[in-house]
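Visitor: Below is the file run09.cif, which contains mmCIF, C-alpha atoms.
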```cif
data_target
loop_
_atom_site.group_PDB
_atom_site.id
_atom_site.type_symbol
_atom_site.label_atom_id
_atom_site.label_comp_id
_atom_site.auth_asym_id
_atom_site.auth_seq_id
_atom_site.Cartn_x
_atom_site.Cartn_y
_atom_site.Cartn_z
ATOM 1 C CA MET H 1 19.529 9.390 -21.554
ATOM 2 C CA HIS H 2 18.304 7.803 -18.333
ATOM 3 C CA VAL H 3 14.943 9.191 -17.204
ATOM 4 C CA SER H 4 15.115 9.845 -13.470
ATOM 5 C CA HIS H 5 12.160 12.217 -13.303
ATOM 6 C CA HIS H 6 9.055 13.052 -15.287
ATOM 7 C CA ILE H 7 9.172 14.915 -18.566
ATOM 8 C CA VAL H 8 5.881 16.789 -18.682
ATOM 9 C CA LEU H 9 4.611 18.138 -22.000
ATOM 10 C CA VAL H 10 2.351 21.180 -21.896
ATOM 11 C CA GLY H 11 0.906 23.253 -24.688
ATOM 12 C CA PRO H 12 -2.251 23.865 -26.659
ATOM 13 C CA MET H 13 -4.410 21.193 -28.227
ATOM 14 C CA GLY H 14 -2.940 20.147 -31.548
ATOM 15 C CA ALA H 15 0.652 20.897 -30.510
ATOM 16 C CA GLY H 16 1.521 17.207 -30.707
ATOM 17 C CA LYS H 17 1.889 16.383 -27.014
ATOM 18 C CA THR H 18 0.574 12.829 -27.446
ATOM 19 C CA THR H 19 2.288 12.015 -30.741
ATOM 20 C CA LEU H 20 5.643 13.526 -29.781
ATOM 21 C CA GLY H 21 5.306 12.193 -26.228
ATOM 22 C CA GLN H 22 4.937 8.617 -27.473
ATOM 23 C CA ALA H 23 7.961 8.986 -29.765
ATOM 24 C CA LEU H 24 10.025 10.607 -26.996
ATOM 25 C CA ALA H 25 9.147 7.894 -24.473
ATOM 26 C CA ALA H 26 10.111 5.201 -26.997
ATOM 27 C CA ARG H 27 13.426 6.971 -27.672
ATOM 28 C CA LEU H 28 14.155 7.317 -23.936
ATOM 29 C CA GLY H 29 12.989 3.806 -23.076
ATOM 30 C CA CYS H 30 10.452 4.912 -20.508
ATOM 31 C CA ALA H 31 6.697 4.881 -20.012
ATOM 32 C CA PHE H 32 4.325 7.326 -21.693
ATOM 33 C CA VAL H 33 1.169 8.591 -19.979
ATOM 34 C CA ASP H 34 -1.505 10.680 -21.677
ATOM 35 C CA VAL H 35 -3.455 12.342 -18.865
ATOM 36 C CA ASP H 36 -6.659 12.720 -20.929
ATOM 37 C CA ALA H 37 -6.548 9.053 -21.966
ATOM 38 C CA ARG H 38 -5.994 8.063 -18.317
ATOM 39 C CA ILE H 39 -8.997 10.160 -17.235
ATOM 40 C CA ALA H 40 -11.200 8.544 -19.880
ATOM 41 C CA ALA H 41 -9.996 5.034 -18.967
ATOM 42 C CA ASP H 42 -10.341 5.576 -15.217
ATOM 43 C CA HIS H 43 -13.881 6.908 -15.523
ATOM 44 C CA GLY H 44 -15.125 4.818 -18.425
ATOM 45 C CA GLN H 45 -16.211 7.885 -20.383
ATOM 46 C CA SER H 46 -14.774 9.960 -23.189
ATOM 47 C CA ILE H 47 -13.575 13.471 -22.473
ATOM 48 C CA PRO H 48 -16.575 14.965 -24.347
ATOM 49 C CA ALA H 49 -18.945 12.799 -22.248
ATOM 50 C CA LEU H 50 -17.255 13.929 -19.023
ATOM 51 C CA PHE H 51 -17.492 17.571 -20.143
ATOM 52 C CA ALA H 52 -21.179 17.113 -20.967
ATOM 53 C CA ALA H 53 -21.944 15.401 -17.651
ATOM 54 C CA GLU H 54 -19.811 17.528 -15.313
ATOM 55 C CA GLY H 55 -18.978 20.718 -17.154
ATOM 56 C CA GLU H 56 -15.492 22.100 -17.509
ATOM 57 C CA ALA H 57 -15.109 22.644 -13.739
ATOM 58 C CA GLY H 58 -15.860 18.990 -12.992
ATOM 59 C CA PHE H 59 -13.490 17.845 -15.706
ATOM 60 C CA ARG H 60 -10.719 20.117 -14.390
ATOM 61 C CA ARG H 61 -11.077 18.561 -10.907
ATOM 62 C CA ARG H 62 -10.665 15.093 -12.406
ATOM 63 C CA GLU H 63 -7.730 16.348 -14.476
ATOM 64 C CA SER H 64 -5.949 17.675 -11.381
ATOM 65 C CA ASP H 65 -6.530 14.459 -9.441
ATOM 66 C CA THR H 66 -5.305 12.293 -12.325
ATOM 67 C CA LEU H 67 -2.286 14.490 -13.048
ATOM 68 C CA ARG H 68 -1.162 14.369 -9.424
ATOM 69 C CA ALA H 69 -1.583 10.583 -9.317
ATOM 70 C CA VAL H 70 0.487 10.206 -12.501
ATOM 71 C CA LEU H 71 3.196 12.530 -11.166
ATOM 72 C CA ALA H 72 3.371 10.477 -7.952
ATOM 73 C CA GLY H 73 4.211 7.396 -10.030
ATOM 74 C CA ALA H 74 7.351 6.179 -11.761
ATOM 75 C CA PRO H 75 9.155 8.611 -14.075
ATOM 76 C CA ALA H 76 7.472 8.889 -17.475
ATOM 77 C CA VAL H 77 6.878 11.195 -20.379
ATOM 78 C CA VAL H 78 3.536 12.788 -19.510
ATOM 79 C CA ALA H 79 1.238 14.512 -22.024
ATOM 80 C CA THR H 80 -1.134 16.906 -20.278
ATOM 81 C CA GLY H 81 -4.343 18.390 -21.574
ATOM 82 C CA GLY H 82 -4.080 21.919 -22.941
ATOM 83 C CA GLY H 83 -5.855 23.378 -19.920
ATOM 84 C CA ALA H 84 -3.882 21.605 -17.201
ATOM 85 C CA VAL H 85 -1.838 24.777 -16.660
ATOM 86 C CA LEU H 86 -4.936 26.742 -15.614
ATOM 87 C CA ASP H 87 -4.632 25.388 -12.068
ATOM 88 C CA ALA H 88 -1.767 26.848 -10.011
ATOM 89 C CA GLY H 89 -1.460 23.612 -8.046
ATOM 90 C CA ASN H 90 -1.040 21.655 -11.281
ATOM 91 C CA ARG H 91 1.662 24.039 -12.453
ATOM 92 C CA ALA H 92 3.586 23.681 -9.189
ATOM 93 C CA ALA H 93 3.201 19.882 -9.176
ATOM 94 C CA MET H 94 4.456 19.595 -12.764
ATOM 95 C CA ARG H 95 7.513 21.754 -12.096
ATOM 96 C CA ALA H 96 8.328 19.858 -8.905
ATOM 97 C CA ALA H 97 7.982 16.445 -10.590
ATOM 98 C CA GLY H 98 10.471 16.961 -13.377
ATOM 99 C CA THR H 99 11.194 18.891 -16.530
ATOM 100 C CA VAL H 100 8.281 20.726 -18.104
ATOM 101 C CA VAL H 101 8.440 21.233 -21.868
ATOM 102 C CA TYR H 102 6.143 23.713 -23.585
ATOM 103 C CA LEU H 103 5.389 22.525 -27.118
ATOM 104 C CA THR H 104 4.531 25.469 -29.324
ATOM 105 C CA VAL H 105 2.600 25.163 -32.563
ATOM 106 C CA ASP H 106 1.924 27.502 -35.462
ATOM 107 C CA PRO H 107 -1.808 28.396 -35.532
ATOM 108 C CA VAL H 108 -2.148 27.280 -39.175
ATOM 109 C CA ILE H 109 -0.634 23.860 -38.399
ATOM 110 C CA GLN H 110 -2.724 23.614 -35.235
ATOM 111 C CA LEU H 111 -5.994 24.331 -37.048
ATOM 112 C CA ALA H 112 -5.155 21.846 -39.812
ATOM 113 C CA ARG H 113 -4.423 19.120 -37.240
ATOM 114 C CA LEU H 114 -7.668 19.766 -35.372
ATOM 115 C CA ARG H 115 -10.040 20.263 -38.314
ATOM 116 C CA GLY H 116 -12.997 17.922 -37.863
ATOM 117 C CA ASP H 117 -11.844 16.633 -34.447
ATOM 118 C CA THR H 118 -15.027 16.079 -32.447
ATOM 119 C CA GLY H 119 -13.183 14.820 -29.353
ATOM 120 C CA ARG H 120 -12.276 18.327 -28.158
ATOM 121 C CA PRO H 121 -15.211 19.871 -26.299
ATOM 122 C CA LEU H 122 -13.793 23.411 -26.171
ATOM 123 C CA LEU H 123 -13.352 23.381 -29.954
ATOM 124 C CA GLN H 124 -16.988 22.658 -30.772
ATOM 125 C CA THR H 125 -17.776 26.263 -31.697
ATOM 126 C CA ALA H 126 -18.805 28.174 -34.805
ATOM 127 C CA ASP H 127 -15.308 29.720 -34.976
ATOM 128 C CA PRO H 128 -12.644 27.127 -34.097
ATOM 129 C CA ALA H 129 -9.783 29.418 -35.209
ATOM 130 C CA GLY H 130 -11.066 32.219 -32.993
ATOM 131 C CA THR H 131 -11.527 29.828 -30.088
ATOM 132 C CA LEU H 132 -7.972 28.504 -30.467
ATOM 133 C CA ALA H 133 -6.603 32.057 -30.590
ATOM 134 C CA ALA H 134 -8.530 33.052 -27.459
ATOM 135 C CA LEU H 135 -7.389 29.938 -25.568
ATOM 136 C CA GLN H 136 -3.792 30.570 -26.622
ATOM 137 C CA ALA H 137 -3.943 34.206 -25.491
ATOM 138 C CA GLN H 138 -5.232 33.076 -22.085
ATOM 139 C CA ARG H 139 -2.842 30.158 -21.612
ATOM 140 C CA GLU H 140 0.405 31.264 -23.311
ATOM 141 C CA PRO H 141 1.791 33.080 -20.243
ATOM 142 C CA LEU H 142 1.006 30.028 -18.089
ATOM 143 C CA TYR H 143 2.723 27.618 -20.497
ATOM 144 C CA ARG H 144 5.833 29.797 -20.604
ATOM 145 C CA ASP H 145 5.885 30.390 -16.846
ATOM 146 C CA THR H 146 5.563 26.670 -16.113
ATOM 147 C CA ALA H 147 8.073 25.388 -18.655
ATOM 148 C CA HIS H 148 11.752 24.721 -18.105
ATOM 149 C CA LEU H 149 12.145 24.421 -21.880
ATOM 150 C CA VAL H 150 10.226 25.707 -24.903
ATOM 151 C CA PHE H 151 10.301 23.441 -27.961
ATOM 152 C CA THR H 152 8.808 23.958 -31.407
ATOM 153 C CA PRO H 153 8.605 20.729 -33.396
ATOM 154 C CA GLY H 154 7.183 22.520 -36.436
ATOM 155 C CA THR H 155 6.575 20.064 -39.255
ATOM 156 C CA LEU H 156 9.252 17.567 -38.199
ATOM 157 C CA ALA H 157 8.219 13.922 -38.204
ATOM 158 C CA PRO H 158 7.596 12.629 -34.660
ATOM 159 C CA ASP H 159 10.809 10.549 -34.545
ATOM 160 C CA ALA H 160 12.952 13.471 -35.738
ATOM 161 C CA ALA H 161 11.278 15.838 -33.280
ATOM 162 C CA ALA H 162 11.742 13.309 -30.454
ATOM 163 C CA ARG H 163 15.445 12.967 -31.290
ATOM 164 C CA MET H 164 15.873 16.752 -31.276
ATOM 165 C CA LEU H 165 13.910 17.161 -28.028
ATOM 166 C CA ALA H 166 15.860 14.339 -26.337
ATOM 167 C CA ASP H 167 19.091 16.129 -27.274
ATOM 168 C CA ARG H 168 17.774 19.409 -25.868
ATOM 169 C CA LEU H 169 16.713 17.680 -22.644
ATOM 170 C CA ALA H 170 20.114 16.014 -22.281
ATOM 171 C CA SER H 171 21.780 19.389 -22.774
ATOM 172 C CA LEU H 172 19.470 20.995 -20.225
ATOM 173 C CA GLU H 173 20.307 18.312 -17.653
ATOM 174 C CA SER H 174 24.040 18.655 -18.209
ATOM 175 C CA HIS H 175 23.847 22.472 -17.974
ATOM 176 C CA PRO H 176 21.020 23.281 -15.522
ATOM 177 C CA ALA H 177 20.010 26.917 -15.238
#
```
Using structure tokens, write down the structure from this file.
Guide:
Amino acid sequence: MHVSHHIVLVGPMGAGKTTLGQALAARLGCAFVDVDARIAADHGQSIPALFAAEGEAGFRRRESDTLRAVLAGAPAVVATGGGAVLDAGNRAAMRAAGTVVYLTVDPVIQLARLRGDTGRPLLQTADPAGTLAALQAQREPLYRDTAHLVFTPGTLAPDAAARMLADRLASLESHPA
């Protein structure tokens, strides 16, 4: 499959956007960009440090700027942060730049993947499961509204999930809605 536009992965933290995104980009022979990693590299600070210094609002501004810069570049598989869909401009830019894929994740799998992860500022609460549920309730309609395709990798290994997603994307391109 030739990548002529971006494939943008959205979904909650722990859905596998980075892991699956890397495997998908390798399968498709294109670049992979993790928006959070780009933000951290561009600003020389970790995401938790940026959150601490600027608050969520400041981080979201940087996220929007970085996302738009990435989307203006060469076609790639792009992993967004879980909250990128909160901004209407981000949602429109993602849809205009290519195919948006919403990666869903079972809450039990999500919590297991994120247990002990200190690099997620919004998860540093007394009740991580409750926080994840609240974030999902807020963001789920935005993920679905933004996405061209919903994909659930479940417990598939990254390479198997990437193969399945690549097939779904190829089918979507050959039979656009």
Visitor: Just the number, please: distance in Å from atom CA of Gln136 of chain H to atom CA of Pro12 of chain H, one decimal.
Guide: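 Straight-line distance from atom CA of Gln136 of chain H to atom CA of Pro12 of chain H works out to 6.9 Å.
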Visitor: My list of candidates is H:Ala160, H:Leu71, H:Val150, H:Thr125. Which is closest to Ala96 of chain H when distances are computed with all atoms listed in the file?
Guide: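 Among the listed residues, H:Leu71 lies closest to Ala96 of chain H.
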Visitor: List as a VMD selection string the protein and nucleic acid residues near Val10 of chain H, meaning an atom at most 7 Å away when only C-alpha atoms are counted, but skip any in the same chain fewer than 4 places from it.
Guide: chain H and resid 79 to 80 82 101 to 103 143
Visitor: Can you check which parts of segment 66-141 of chain H lie within 12 Å of segment 36-44 of chain H? Per residue, the shortest pair of atoms and distance in Å to one decimal, counting only C-alpha atoms, sorted by chain and number, as CSV.
Guide:
```
residue,atom,partner,partner_atom,distance
H:Thr66,CA,H:Ile39,CA,6.5
H:Leu67,CA,H:Ile39,CA,9.0
H:Arg68,CA,H:Ile39,CA,11.8
H:Ala69,CA,H:Arg38,CA,10.3
H:Val70,CA,H:Arg38,CA,9.0
H:Val78,CA,H:Asp36,CA,10.3
H:Ala79,CA,H:Asp36,CA,8.2
H:Thr80,CA,H:Asp36,CA,7.0
H:Gly81,CA,H:Asp36,CA,6.2
H:Gly82,CA,H:Asp36,CA,9.8
H:Gly83,CA,H:Asp36,CA,10.7
H:Ala84,CA,H:Asp36,CA,10.0
H:Gly119,CA,H:Asp36,CA,10.9
H:Arg120,CA,H:Asp36,CA,10.7
```
Visitor: Name the residues that the PyMOL selection byres ((chain H and resi 132) around 9) picks from the file above, as a list in words, using the file's chain letters and numbers.
Guide: Pro12, Met13, Pro107, Gln110, Leu111, Leu122, Leu123, Asp127, Pro128, Ala129, Gly130, Thr131, Ala133, Ala134, Leu135, Gln136 and Ala137 of chain H
Visitor: For a test of reading the model, state the distance in Å between atom CA of Pro75 of chain H and atom CA of Asp145 of chain H, rounded to one decimal.
Guide: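 We find that atom CA of Pro75 of chain H and atom CA of Asp145 of chain H lie 22.2 Å from each other.
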Visitor: From the list H:Glu54, H:Ala97, H:Ala74, H:Asn90, which residue is nearest Ile7 of chain H when using all atoms listed in the file?
Guide: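 For Ile7 of chain H, the nearest of the candidates is H:Ala97.
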Visitor: Determine the residue membership of the PyMOL selection byres ((chain H and resi 151) around 12) for the file above and supply it as JSON, numbers by chain.
Guide: {"H": [9, 10, 11, 15, 16, 17, 20, 100, 101, 102, 103, 104, 105, 106, 143, 144, 147, 148, 149, 150, 152, 153, 154, 156, 161, 162, 164, 165, 166, 167, 168, 169]}
Visitor: Let me make sure I understand: among H:Ala72, H:Val3, H:Ile47, H:Val77, which one has the smallest atom-to-atom distance to Phe32 of chain H if we use all atoms listed in the file?
Guide: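 Smallest separation from Phe32 of chain H among the options: H:Val77.
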Visitor: Just need the box for segment 7-10 of chain H, edges along x, y and z, holding every atom the file lists for it with 5 Å tacked onto each side, so centre and edge lengths in Å to one decimal, as lines of an AutoDock Vina configuration file.
Guide:
```
center_x = 5.8
center_y = 18.0
center_z = -20.3
size_x = 16.8
size_y = 16.3
size_z = 13.4
```
Visitor: Could you tell me which of H:Arg62, H:His6, H:Ala76, H:Thr146 comes closest to Ala26 of chain H if we count all atoms listed in the file?
Guide: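 Using all atoms listed in the file, Ala26 of chain H sits closest to H:Ala76.
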Visitor: Counting all atoms listed in the file, which of H:Leu28, H:Thr155, H:Glu63, H:Phe51 gets nearest to Ala112 of chain H?
Guide: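 Counting all atoms listed in the file, the residue closest to Ala112 of chain H is H:Thr155.
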Visitor: Please report the interatomic distance between atom CA of Asp117 of chain H and atom CA of Asp34 of chain H in Å with one decimal.
Guide: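 Here the two named atoms are 17.5 Å from each other.
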Visitor: My list of candidates is H:Pro48, H:Gly98, H:Ser64, H:Arg91. Which is closest to Gln124 of chain H when distances are computed with only C-alpha atoms?
Guide: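 Comparing H:Pro48, H:Gly98, H:Ser64, H:Arg91 against Gln124 of chain H, the winner is H:Pro48.
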Visitor: Reconstruct N, CA, C and O atoms of segment 58-69 of chain H from the incomplete input and present them as an mmCIF file, in the coordinates of the input.
Guide:
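This is the output file result_37.cif:
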```cif
data_model
loop_
_atom_site.group_PDB
_atom_site.id
_atom_site.type_symbol
_atom_site.label_atom_id
_atom_site.label_comp_id
_atom_site.auth_asym_id
_atom_site.auth_seq_id
_atom_site.Cartn_x
_atom_site.Cartn_y
_atom_site.Cartn_z
ATOM 1 N N GLY H 58 -15.946 20.374 -13.440
ATOM 2 C CA GLY H 58 -15.860 18.990 -12.992
ATOM 3 C C GLY H 58 -14.732 18.243 -13.676
ATOM 4 O O GLY H 58 -13.999 17.477 -13.037
ATOM 5 N N PHE H 59 -14.586 18.473 -14.978
ATOM 6 C CA PHE H 59 -13.490 17.845 -15.706
ATOM 7 C C PHE H 59 -12.151 18.301 -15.154
ATOM 8 O O PHE H 59 -11.239 17.489 -14.963
ATOM 9 N N ARG H 60 -12.001 19.594 -14.883
ATOM 10 C CA ARG H 60 -10.719 20.117 -14.390
ATOM 11 C C ARG H 60 -10.357 19.498 -13.031
ATOM 12 O O ARG H 60 -9.185 19.253 -12.754
ATOM 13 N N ARG H 61 -11.350 19.234 -12.191
ATOM 14 C CA ARG H 61 -11.077 18.561 -10.907
ATOM 15 C C ARG H 61 -10.515 17.156 -11.168
ATOM 16 O O ARG H 61 -9.538 16.746 -10.551
ATOM 17 N N ARG H 62 -11.149 16.439 -12.068
ATOM 18 C CA ARG H 62 -10.665 15.093 -12.406
ATOM 19 C C ARG H 62 -9.259 15.166 -13.012
ATOM 20 O O ARG H 62 -8.409 14.323 -12.732
ATOM 21 N N GLU H 63 -9.037 16.172 -13.849
ATOM 22 C CA GLU H 63 -7.730 16.348 -14.476
ATOM 23 C C GLU H 63 -6.648 16.559 -13.423
ATOM 24 O O GLU H 63 -5.580 15.936 -13.484
ATOM 25 N N SER H 64 -6.920 17.418 -12.450
ATOM 26 C CA SER H 64 -5.949 17.675 -11.381
ATOM 27 C C SER H 64 -5.663 16.413 -10.576
ATOM 28 O O SER H 64 -4.504 16.098 -10.286
ATOM 29 N N ASP H 65 -6.709 15.693 -10.214
ATOM 30 C CA ASP H 65 -6.530 14.459 -9.441
ATOM 31 C C ASP H 65 -5.700 13.439 -10.220
ATOM 32 O O ASP H 65 -4.788 12.812 -9.671
ATOM 33 N N THR H 66 -6.017 13.271 -11.492
ATOM 34 C CA THR H 66 -5.305 12.293 -12.325
ATOM 35 C C THR H 66 -3.867 12.721 -12.546
ATOM 36 O O THR H 66 -2.943 11.894 -12.445
ATOM 37 N N LEU H 67 -3.644 13.990 -12.826
ATOM 38 C CA LEU H 67 -2.286 14.490 -13.048
ATOM 39 C C LEU H 67 -1.426 14.245 -11.814
ATOM 40 O O LEU H 67 -0.304 13.747 -11.912
ATOM 41 N N ARG H 68 -1.940 14.556 -10.655
ATOM 42 C CA ARG H 68 -1.162 14.369 -9.424
ATOM 43 C C ARG H 68 -0.862 12.897 -9.167
ATOM 44 O O ARG H 68 0.222 12.543 -8.718
ATOM 45 N N ALA H 69 -1.816 12.021 -9.479
ATOM 46 C CA ALA H 69 -1.583 10.583 -9.317
ATOM 47 C C ALA H 69 -0.489 10.113 -10.279
ATOM 48 O O ALA H 69 0.389 9.336 -9.888
#
```
